[in-house]
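Scroll down for the structure; my scribbles are underneath it.
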Amino acid sequence: MKIAFVCPYYDPAIDGPKQVIKELASRLIREGHDVHVYTSDWDKAKRVKIKEETIDGVKVHRCYHILRVSQFSTVFPSVFFKLIKEDFDVIHTHVTGWAHVFFASLAAKIKKIRLIHTTHCPWTDAYRTFAGNFWKIISYNIFMRLSYRWSDKIIAITPWEIHFIEKYGGKGKIEVIPNGVDDIFFKRVKNNSFKKNNKINGNIVLFFGRLNVTKGPDKFVLAAKEILKERKDITFVIIGNDEGMKQEVKKLIGNEKNIYLLDPIKERAKVAEMYQASEVYVLPSFREGLPLTIFEAMASGIPIVASPVNGIPYEMKQPENGFFCDYGDINCLKKQILNVIDNKKLALKIGNNNIKKAKNYKWDDIYTKTISLYKG
């Protein structure tokens with residue numbers, strides 16, 4: 001088959017939907033399929049000069065963006081004209097509510113190509129700029145409804161979003177296929193040098209995610225500082241790509257020596273090493289779809305403390321997989337982090353539960369479900 005993925009970002013950008021596409025694409029290529037990615041030439045920081053290239057067998061086509069809406073959303077209409085010139089068996093669009101989904105869906109409609117859409121759970125009104133909220137009203141009520149009408153199947157990554165999809169015309173087309181986890185996270189790292197390389201002593205409490213306001217890195221720092229008033233045997237580590245919060249996080253950390261703000265890690269083996277060197281993973285987000293990091297932490301065998309938002313409670317249970325704290329509840333974060341750190345038997349039990357549960361989300365199984373939709 002000849003397959004086109006249409007998405008907001010691809011390499012070199014750090015992005016959750018991009019990682020999903022890379023996992024699916026690698027397996028498609030392994031089976032001999034012709035895989036193309038159509039994306040914006042914006043990588044969240046700058047315009048990418050190279051417009052056409054092949055990355056790990058994937059033919060990447062970067063479309064010139066004519067507009068940026070809100071903080072990162074881009075508009076690149078040329079994707080329509082590029083797709084209309086080609087003959088694909090499947091067009092698979094990603095991230096509901098963005099302009100590229102409409103342009104690609106229109107091309108699929110005109111060319112009578114099978115159209116699959118993955119939402120990636122965008123449903124929130126919080127932390128949008130005025131321009132973002134204005135665009136949302138237009139997008140959801142016009143472009144999204146048309147895109148859903150033209151789609152053959154719509155992939156929800158969590159059951160939480162089904163009623164939103166149905167509200168905008170996707171009823172009867174929905175398949176729930178969650179995100180997955182790479183096999184590398186199940187493999188135990190021998191001679192783990194993460195602590196040594198970063199000169200860290202003691203237990204590690206980890207924040208790993210984009211430094212974006214919705215992810216709550218500031219709440220993580222506030223909880224860390226509360227704990228460090230009483231304890232000095234714990235190190236708090238923050239790792240993630242800057243999306244507007246790095247300077248604020250730095251300011252919050254101040255002179256606190258037991259809070260480390262480290263550079264982003266891209267190599268998967270190093271990410272696995274990071275998880276396995278940690279005692280607990282904390283995700284204090286305001287909103288989430290179904291973050292890949294939840295499954296990565298589970299496969300790595302560490303307990304999780306997370307906000308019970310959107311898709312997370314569908315896949316993570318308390319206390320089997322860790323503990324929930326409402327967004328901004330610093331006292332709860334403090335309590336549950338210490339609960340895991342100070343109760344080794346509990347932490348081991350949760351870690352074993354998480355490894356077992358993560359095996360339900362292997363990418364090979366996610367791929368099998370996805371390609372069955374391609375074949376119709």
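The way I read the labels, and the way they are meant: chains A, B, ... in the order of the structure tokens, residue 1 as the first residue of every chain, and ligand 1 as the first ligand shown, with later ones counted on from there.
Residues in contact with Phe194 of chain A at 8 Å, where only C-alpha atoms are counted and same-chain residues fewer than 2 positions away are skipped, are listed as Asn192, Lys196, Asn197, Asn198, Glu273, Met274 and Ala277 of chain A.
Non-sequential neighbours of Lys349 of chain A (distance at most 12 Å, separation of 6 or more positions within a chain, only C-alpha atoms) are Met298, Gly301, Ile302, Pro303, Pro319, Glu320, Asn321, Gly322, Val340, Asn343, Ile355 and Lys356 of chain A.
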Selection export as a tab-separated table (two decimals), in the first residue's frame, atoms kept: N, CA, C and O atoms:
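Output below, filename again-v5.tsv:
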chain	number	residue	atom	x	y	z
A	298	MET	N	5.35	2.74	32.99
A	298	MET	CA	4.85	1.43	33.40
A	298	MET	C	5.79	0.32	32.95
A	298	MET	O	6.16	-0.56	33.75
A	301	GLY	N	8.77	-0.16	34.95
A	301	GLY	CA	8.59	-0.74	36.28
A	301	GLY	C	8.64	0.25	37.42
A	301	GLY	O	9.06	-0.09	38.52
A	302	ILE	N	8.21	1.50	37.18
A	302	ILE	CA	8.19	2.47	38.27
A	302	ILE	C	6.76	2.97	38.51
A	302	ILE	O	5.95	3.05	37.59
A	303	PRO	N	6.43	3.28	39.77
A	303	PRO	CA	5.11	3.82	40.11
A	303	PRO	C	4.91	5.20	39.52
A	303	PRO	O	5.87	5.91	39.19
A	319	PRO	N	-4.90	1.91	43.64
A	319	PRO	CA	-3.45	2.08	43.80
A	319	PRO	C	-2.61	1.10	42.98
A	319	PRO	O	-1.40	1.03	43.18
A	320	GLU	N	-3.26	0.31	42.09
A	320	GLU	CA	-2.54	-0.72	41.35
A	320	GLU	C	-1.35	-0.18	40.57
A	320	GLU	O	-0.28	-0.81	40.53
A	321	ASN	N	-1.52	0.98	39.94
A	321	ASN	CA	-0.46	1.53	39.08
A	321	ASN	C	0.20	2.79	39.63
A	321	ASN	O	1.12	3.33	39.02
A	322	GLY	N	-0.31	3.28	40.76
A	322	GLY	CA	0.22	4.50	41.34
A	322	GLY	C	-0.89	5.28	42.00
A	322	GLY	O	-1.89	4.69	42.46
A	340	VAL	N	5.38	6.61	48.01
A	340	VAL	CA	6.10	5.66	47.15
A	340	VAL	C	7.56	5.54	47.56
A	340	VAL	O	8.10	4.43	47.66
A	343	ASN	N	7.97	3.56	50.99
A	343	ASN	CA	7.38	2.22	51.10
A	343	ASN	C	7.89	1.37	49.95
A	343	ASN	O	7.25	1.25	48.90
A	355	ILE	N	4.60	-3.22	34.85
A	355	ILE	CA	5.24	-3.96	33.76
A	355	ILE	C	4.24	-4.91	33.11
A	355	ILE	O	4.16	-5.00	31.87
A	356	LYS	N	3.47	-5.58	33.92
A	356	LYS	CA	2.46	-6.51	33.41
A	356	LYS	C	1.41	-5.78	32.58
A	356	LYS	O	1.03	-6.23	31.49
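Checking A:Val205, A:Ala347, A:Ile84, A:Val181 one by one against Arg268 of chain A, counting only C-alpha atoms, you find the shortest gap at A:Val181.
Between atom CA of Leu211 of chain A and atom CA of Ala45 of chain A the separation is 13.6 Å.
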> segment 140-156 of chain A: which residues within 6 Å, counting only C-alpha atoms, same-chain residues fewer than 5 positions away excluded, as a PyMOL selection string?
Replying inline: chain A and resi 97+102+105+115-119+168-170+173-176
>> Which residue is closest to Val282 of chain A? Choose from A:Gln336, A:Lys246, A:Lys229, A:Asn310 and count only C-alpha atoms.
In response: A:Gln336
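Residues in contact range of Tyr367 of chain A, defined as at most 9 Å between only C-alpha atoms, with sequence neighbours fewer than 4 positions away removed, read Glu23, Leu24, Arg27, Leu28, Lys362, Trp363, Ile371 and Ser372 of chain A.
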Residues as selected, all heavy atoms, written as an mmCIF file, in the first residue's frame, can you do that?
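After the write, part25.cif holds the following:
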data_model
loop_
_atom_site.group_PDB
_atom_site.id
_atom_site.type_symbol
_atom_site.label_atom_id
_atom_site.label_comp_id
_atom_site.auth_asym_id
_atom_site.auth_seq_id
_atom_site.Cartn_x
_atom_site.Cartn_y
_atom_site.Cartn_z
ATOM 1 N N GLU A 23 6.326 5.121 14.966
ATOM 2 C CA GLU A 23 6.174 3.709 15.338
ATOM 3 C C GLU A 23 5.388 2.946 14.273
ATOM 4 O O GLU A 23 5.763 1.840 13.875
ATOM 5 C CB GLU A 23 5.476 3.596 16.692
ATOM 6 C CG GLU A 23 6.255 4.173 17.871
ATOM 7 C CD GLU A 23 7.454 3.345 18.273
ATOM 8 O OE1 GLU A 23 7.635 2.240 17.727
ATOM 9 O OE2 GLU A 23 8.226 3.799 19.135
ATOM 10 N N LEU A 24 4.285 3.534 13.806
ATOM 11 C CA LEU A 24 3.477 2.888 12.779
ATOM 12 C C LEU A 24 4.247 2.805 11.460
ATOM 13 O O LEU A 24 4.245 1.765 10.789
ATOM 14 C CB LEU A 24 2.168 3.652 12.575
ATOM 15 C CG LEU A 24 1.200 3.689 13.766
ATOM 16 C CD1 LEU A 24 0.019 4.598 13.446
ATOM 17 C CD2 LEU A 24 0.711 2.294 14.131
ATOM 18 N N ARG A 27 6.929 0.050 11.081
ATOM 19 C CA ARG A 27 6.368 -1.285 10.856
ATOM 20 C C ARG A 27 5.783 -1.424 9.453
ATOM 21 O O ARG A 27 5.873 -2.490 8.838
ATOM 22 C CB ARG A 27 5.322 -1.581 11.936
ATOM 23 C CG ARG A 27 5.965 -1.850 13.295
ATOM 24 C CD ARG A 27 5.020 -1.667 14.472
ATOM 25 N NE ARG A 27 5.687 -2.027 15.727
ATOM 26 C CZ ARG A 27 6.530 -1.209 16.384
ATOM 27 N NH1 ARG A 27 6.794 -0.011 15.896
ATOM 28 N NH2 ARG A 27 7.086 -1.605 17.504
ATOM 29 N N LEU A 28 5.197 -0.368 8.953
ATOM 30 C CA LEU A 28 4.693 -0.384 7.577
ATOM 31 C C LEU A 28 5.834 -0.591 6.592
ATOM 32 O O LEU A 28 5.724 -1.392 5.648
ATOM 33 C CB LEU A 28 3.968 0.924 7.276
ATOM 34 C CG LEU A 28 2.587 1.108 7.917
ATOM 35 C CD1 LEU A 28 2.158 2.568 7.836
ATOM 36 C CD2 LEU A 28 1.555 0.217 7.251
ATOM 37 N N LYS A 362 1.779 -2.881 23.606
ATOM 38 C CA LYS A 362 2.945 -2.976 22.732
ATOM 39 C C LYS A 362 2.596 -2.469 21.335
ATOM 40 O O LYS A 362 1.495 -2.706 20.822
ATOM 41 C CB LYS A 362 3.449 -4.418 22.672
ATOM 42 C CG LYS A 362 4.135 -4.873 23.962
ATOM 43 C CD LYS A 362 4.895 -6.164 23.754
ATOM 44 C CE LYS A 362 5.742 -6.510 24.978
ATOM 45 N NZ LYS A 362 6.580 -7.698 24.759
ATOM 46 N N TRP A 363 3.552 -1.784 20.720
ATOM 47 C CA TRP A 363 3.296 -1.164 19.426
ATOM 48 C C TRP A 363 2.944 -2.171 18.340
ATOM 49 O O TRP A 363 2.184 -1.854 17.412
ATOM 50 C CB TRP A 363 4.496 -0.325 18.985
ATOM 51 C CG TRP A 363 4.476 1.060 19.536
ATOM 52 C CD1 TRP A 363 5.382 1.640 20.370
ATOM 53 C CD2 TRP A 363 3.473 2.066 19.295
ATOM 54 N NE1 TRP A 363 5.016 2.932 20.675
ATOM 55 C CE2 TRP A 363 3.846 3.216 20.029
ATOM 56 C CE3 TRP A 363 2.296 2.097 18.554
ATOM 57 C CZ2 TRP A 363 3.093 4.393 20.021
ATOM 58 C CZ3 TRP A 363 1.535 3.266 18.542
ATOM 59 C CH2 TRP A 363 1.935 4.392 19.266
ATOM 60 N N ILE A 371 -3.562 -1.203 11.016
ATOM 61 C CA ILE A 371 -3.503 -1.604 9.605
ATOM 62 C C ILE A 371 -4.770 -2.310 9.176
ATOM 63 O O ILE A 371 -5.149 -2.307 7.999
ATOM 64 C CB ILE A 371 -2.242 -2.445 9.309
ATOM 65 C CG1 ILE A 371 -1.945 -2.423 7.806
ATOM 66 C CG2 ILE A 371 -2.396 -3.867 9.850
ATOM 67 C CD1 ILE A 371 -0.603 -3.001 7.423
ATOM 68 N N SER A 372 -5.481 -2.916 10.139
ATOM 69 C CA SER A 372 -6.766 -3.536 9.790
ATOM 70 C C SER A 372 -7.780 -2.479 9.330
ATOM 71 O O SER A 372 -8.637 -2.754 8.490
ATOM 72 C CB SER A 372 -7.332 -4.323 10.980
ATOM 73 O OG SER A 372 -7.777 -3.437 12.003
#
>> as a VMD selection string, please: every residue in segment 155-353 of chain A that DSSP puts in strand (DSSP E or B).
In response: chain A and resid 155 to 156 174 to 176 181 203 to 208 211 234 to 239 242 259 to 262 280 to 283 304 to 306 322 to 324
Using the selection just defined, write its residues with N, CA, C and O atoms as a CSV table (one decimal), in the first residue's frame.
chain,number,residue,atom,x,y,z
A,155,ILE,N,-10.1,7.3,14.9
A,155,ILE,CA,-9.4,6.6,16.0
A,155,ILE,C,-9.4,7.5,17.2
A,155,ILE,O,-8.8,8.6,17.2
A,156,ALA,N,-10.1,7.0,18.3
A,156,ALA,CA,-10.0,7.7,19.6
A,156,ALA,C,-8.9,7.0,20.4
A,156,ALA,O,-8.9,5.8,20.4
A,174,ILE,N,-16.2,5.3,15.1
A,174,ILE,CA,-15.1,5.4,16.1
A,174,ILE,C,-14.6,4.0,16.4
A,174,ILE,O,-15.3,3.1,16.6
A,175,GLU,N,-13.2,4.0,16.4
A,175,GLU,CA,-12.5,2.8,16.9
A,175,GLU,C,-11.6,3.3,18.0
A,175,GLU,O,-10.8,4.3,17.8
A,176,VAL,N,-11.5,2.7,19.2
A,176,VAL,CA,-10.7,3.1,20.2
A,176,VAL,C,-9.4,2.3,20.1
A,176,VAL,O,-9.4,1.0,20.3
A,181,VAL,N,3.7,1.4,23.5
A,181,VAL,CA,5.0,1.6,24.2
A,181,VAL,C,6.0,0.7,23.4
A,181,VAL,O,5.8,-0.4,23.0
A,203,ASN,N,17.4,9.0,45.9
A,203,ASN,CA,16.2,8.6,45.1
A,203,ASN,C,15.9,9.7,44.1
A,203,ASN,O,16.0,10.9,44.4
A,204,ILE,N,15.4,9.3,43.0
A,204,ILE,CA,15.0,10.3,41.9
A,204,ILE,C,13.5,10.3,41.8
A,204,ILE,O,12.9,9.3,41.6
A,205,VAL,N,12.9,11.5,41.8
A,205,VAL,CA,11.6,11.7,41.4
A,205,VAL,C,11.6,12.4,40.1
A,205,VAL,O,12.2,13.5,40.0
A,206,LEU,N,10.9,11.9,39.1
A,206,LEU,CA,11.1,12.3,37.7
A,206,LEU,C,9.9,13.0,37.1
A,206,LEU,O,8.8,12.6,37.2
A,207,PHE,N,10.2,14.2,36.5
A,207,PHE,CA,9.2,14.8,35.5
A,207,PHE,C,9.9,14.7,34.2
A,207,PHE,O,10.9,15.3,33.9
A,208,PHE,N,9.2,14.0,33.2
A,208,PHE,CA,9.7,13.9,31.9
A,208,PHE,C,8.5,14.3,30.9
A,208,PHE,O,7.6,13.5,30.8
A,211,LEU,N,8.0,21.1,28.5
A,211,LEU,CA,7.9,22.2,29.5
A,211,LEU,C,6.8,23.2,29.0
A,211,LEU,O,7.1,24.3,28.5
A,234,ILE,N,16.3,13.1,48.6
A,234,ILE,CA,15.6,12.9,47.4
A,234,ILE,C,16.1,14.0,46.4
A,234,ILE,O,16.3,15.1,46.7
A,235,THR,N,16.2,13.5,45.1
A,235,THR,CA,16.6,14.5,44.0
A,235,THR,C,15.4,14.5,43.0
A,235,THR,O,14.9,13.5,42.6
A,236,PHE,N,15.0,15.7,42.6
A,236,PHE,CA,13.9,15.9,41.7
A,236,PHE,C,14.6,16.3,40.3
A,236,PHE,O,15.3,17.2,40.2
A,237,VAL,N,14.2,15.5,39.3
A,237,VAL,CA,14.8,15.7,38.0
A,237,VAL,C,13.7,16.1,37.0
A,237,VAL,O,12.6,15.5,36.9
A,238,ILE,N,14.0,17.2,36.2
A,238,ILE,CA,13.0,17.7,35.2
A,238,ILE,C,13.7,17.6,33.9
A,238,ILE,O,14.8,18.2,33.7
A,239,ILE,N,13.1,16.9,32.9
A,239,ILE,CA,13.7,16.8,31.6
A,239,ILE,C,12.6,17.0,30.6
A,239,ILE,O,11.5,16.3,30.6
A,242,ASP,N,11.6,22.7,25.8
A,242,ASP,CA,11.0,23.9,26.2
A,242,ASP,C,9.8,24.3,25.3
A,242,ASP,O,10.0,24.4,24.1
A,259,ILE,N,17.1,20.0,42.9
A,259,ILE,CA,16.2,20.0,41.8
A,259,ILE,C,17.0,20.2,40.5
A,259,ILE,O,17.6,21.3,40.4
A,260,TYR,N,17.1,19.2,39.6
A,260,TYR,CA,17.9,19.3,38.4
A,260,TYR,C,17.0,19.6,37.2
A,260,TYR,O,16.0,18.9,37.0
A,261,LEU,N,17.4,20.6,36.4
A,261,LEU,CA,16.7,20.8,35.2
A,261,LEU,C,17.7,20.4,34.1
A,261,LEU,O,18.7,21.2,33.8
A,262,LEU,N,17.5,19.3,33.5
A,262,LEU,CA,18.4,18.7,32.5
A,262,LEU,C,18.0,18.9,31.1
A,262,LEU,O,16.8,19.2,30.8
A,280,VAL,N,10.1,7.2,41.0
A,280,VAL,CA,8.7,7.5,40.8
A,280,VAL,C,8.6,8.5,39.6
A,280,VAL,O,9.5,9.4,39.5
A,281,TYR,N,7.6,8.3,38.8
A,281,TYR,CA,7.3,9.3,37.7
A,281,TYR,C,6.1,10.1,38.0
A,281,TYR,O,5.1,9.6,38.4
A,282,VAL,N,6.3,11.4,37.9
A,282,VAL,CA,5.2,12.4,38.2
A,282,VAL,C,4.7,13.1,37.0
A,282,VAL,O,5.5,13.7,36.2
A,283,LEU,N,3.4,13.1,36.8
A,283,LEU,CA,2.8,13.8,35.6
A,283,LEU,C,1.6,14.7,36.2
A,283,LEU,O,0.5,14.3,36.2
A,304,ILE,N,3.6,5.6,39.4
A,304,ILE,CA,3.3,6.9,38.8
A,304,ILE,C,2.4,7.7,39.7
A,304,ILE,O,1.5,7.1,40.4
A,305,VAL,N,2.7,9.0,39.8
A,305,VAL,CA,1.7,9.9,40.5
A,305,VAL,C,1.3,10.9,39.4
A,305,VAL,O,2.1,11.6,38.8
A,306,ALA,N,0.0,10.9,39.1
A,306,ALA,CA,-0.5,11.7,38.0
A,306,ALA,C,-1.8,12.4,38.3
A,306,ALA,O,-2.6,12.0,39.2
A,322,GLY,N,-0.3,3.3,40.8
A,322,GLY,CA,0.2,4.5,41.3
A,322,GLY,C,-0.9,5.3,42.0
A,322,GLY,O,-1.9,4.7,42.5
A,323,PHE,N,-0.8,6.6,42.0
A,323,PHE,CA,-1.7,7.4,42.8
A,323,PHE,C,-2.1,8.7,42.0
A,323,PHE,O,-1.3,9.2,41.2
A,324,PHE,N,-3.3,9.1,42.2
A,324,PHE,CA,-3.8,10.3,41.6
A,324,PHE,C,-3.8,11.5,42.5
A,324,PHE,O,-4.1,11.4,43.7
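The protein and nucleic acid residues lying at most 10 Å from Asp15 of chain A are A:Pro8, A:Tyr9, A:Tyr10, A:Asp11, A:Pro12, A:Ala13, A:Pro17, A:Lys18, A:Gln19, A:Val20, A:Asp43, A:Lys44, A:Gly209, A:Arg210, A:Asn241, with only C-alpha atoms considered and sequence neighbours fewer than 2 positions away removed.
Residues in contact with Lys375 of chain A at 10 Å, where only C-alpha atoms are counted and same-chain residues fewer than 3 positions away are skipped, are listed as Met1, Asp89, Val90, Arg114, Thr370, Ile371 and Ser372 of chain A.
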>> For His65 of chain A, find every residue with an atom within 10 Å (counting only C-alpha atoms), except residues of its own chain fewer than 3 positions away, and show them as a PyMOL selection string.
In response: chain A and resi 39-42+47+62+68+73-79
Go ahead and save the picked residues with C-alpha atoms, as a PDB file, in the first residue's frame.
ATOM      1  CA  THR A  39       3.785  18.048   7.675  1.00  0.00           C
ATOM      2  CA  SER A  40       4.449  21.707   8.420  1.00  0.00           C
ATOM      3  CA  ASP A  41       7.876  23.233   7.885  1.00  0.00           C
ATOM      4  CA  TRP A  42       7.659  24.623  11.442  1.00  0.00           C
ATOM      5  CA  ARG A  47      11.105  27.175   9.856  1.00  0.00           C
ATOM      6  CA  ARG A  62       7.353  19.666   4.591  1.00  0.00           C
ATOM      7  CA  ARG A  68       0.700  30.309  12.933  1.00  0.00           C
ATOM      8  CA  SER A  73      -0.672  25.570  15.485  1.00  0.00           C
ATOM      9  CA  THR A  74       0.239  26.202  11.833  1.00  0.00           C
ATOM     10  CA  VAL A  75      -1.767  26.455   8.629  1.00  0.00           C
ATOM     11  CA  PHE A  76      -0.269  24.917   5.471  1.00  0.00           C
ATOM     12  CA  PRO A  77      -2.857  24.714   2.636  1.00  0.00           C
ATOM     13  CA  SER A  78      -0.323  23.410   0.121  1.00  0.00           C
ATOM     14  CA  VAL A  79      -0.784  19.946   1.628  1.00  0.00           C
TER      15      VAL A  79
END
> How would you write, as a ChimeraX atom specification, the set of residues in segment 302-368 of chain A that DSSP gives as alpha helix (DSSP H)?
Replying inline: /A:312-315,330-342,344-358,363-368
Keeping only C-alpha atoms, write the selected residues to a file as a CSV table (one decimal), in the first residue's frame.
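Result file follows (selection_3.csv):
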chain,number,residue,atom,x,y,z
A,312,ILE,CA,-5.4,8.7,32.1
A,313,PRO,CA,-7.9,7.1,34.5
A,314,TYR,CA,-9.0,4.8,31.8
A,315,GLU,CA,-5.6,3.2,31.6
A,330,ILE,CA,0.7,20.3,46.1
A,331,ASN,CA,-0.1,18.6,49.4
A,332,CYS,CA,-1.4,15.5,47.6
A,333,LEU,CA,1.7,15.4,45.4
A,334,LYS,CA,4.0,15.7,48.4
A,335,LYS,CA,2.1,12.9,50.3
A,336,GLN,CA,2.0,10.4,47.4
A,337,ILE,CA,5.5,11.0,46.3
A,338,LEU,CA,6.8,10.3,49.8
A,339,ASN,CA,4.3,7.3,50.0
A,340,VAL,CA,6.1,5.7,47.1
A,341,ILE,CA,9.6,6.7,48.2
A,342,ASP,CA,9.3,5.5,51.8
A,344,LYS,CA,9.7,0.0,49.1
A,345,LYS,CA,7.4,-3.0,49.2
A,346,LEU,CA,4.5,-0.9,47.8
A,347,ALA,CA,6.7,0.6,45.1
A,348,LEU,CA,7.9,-2.9,44.1
A,349,LYS,CA,4.4,-4.2,43.9
A,350,ILE,CA,3.2,-1.3,41.8
A,351,GLY,CA,6.2,-1.5,39.6
A,352,ASN,CA,5.5,-5.2,38.9
A,353,ASN,CA,1.9,-4.4,38.2
A,354,ASN,CA,2.9,-1.7,35.8
A,355,ILE,CA,5.2,-4.0,33.8
A,356,LYS,CA,2.5,-6.5,33.4
A,357,LYS,CA,-0.1,-3.9,32.4
A,358,ALA,CA,2.2,-2.2,29.9
A,363,TRP,CA,3.3,-1.2,19.4
A,364,ASP,CA,3.1,-4.4,17.4
A,365,ASP,CA,-0.4,-4.9,18.7
A,366,ILE,CA,-1.4,-1.3,18.1
A,367,TYR,CA,0.0,-1.6,14.6
A,368,THR,CA,-2.1,-4.7,13.9
> Which residue gives the smallest distance to Lys270 of chain A among A:Lys195, A:Lys109, A:Lys359, A:Lys22, with only C-alpha atoms counted?
Replying inline: A:Lys195
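The interatomic distance for the pair atom CA of His36 of chain A and atom CA of Ala99 of chain A works out to 18.9 Å.
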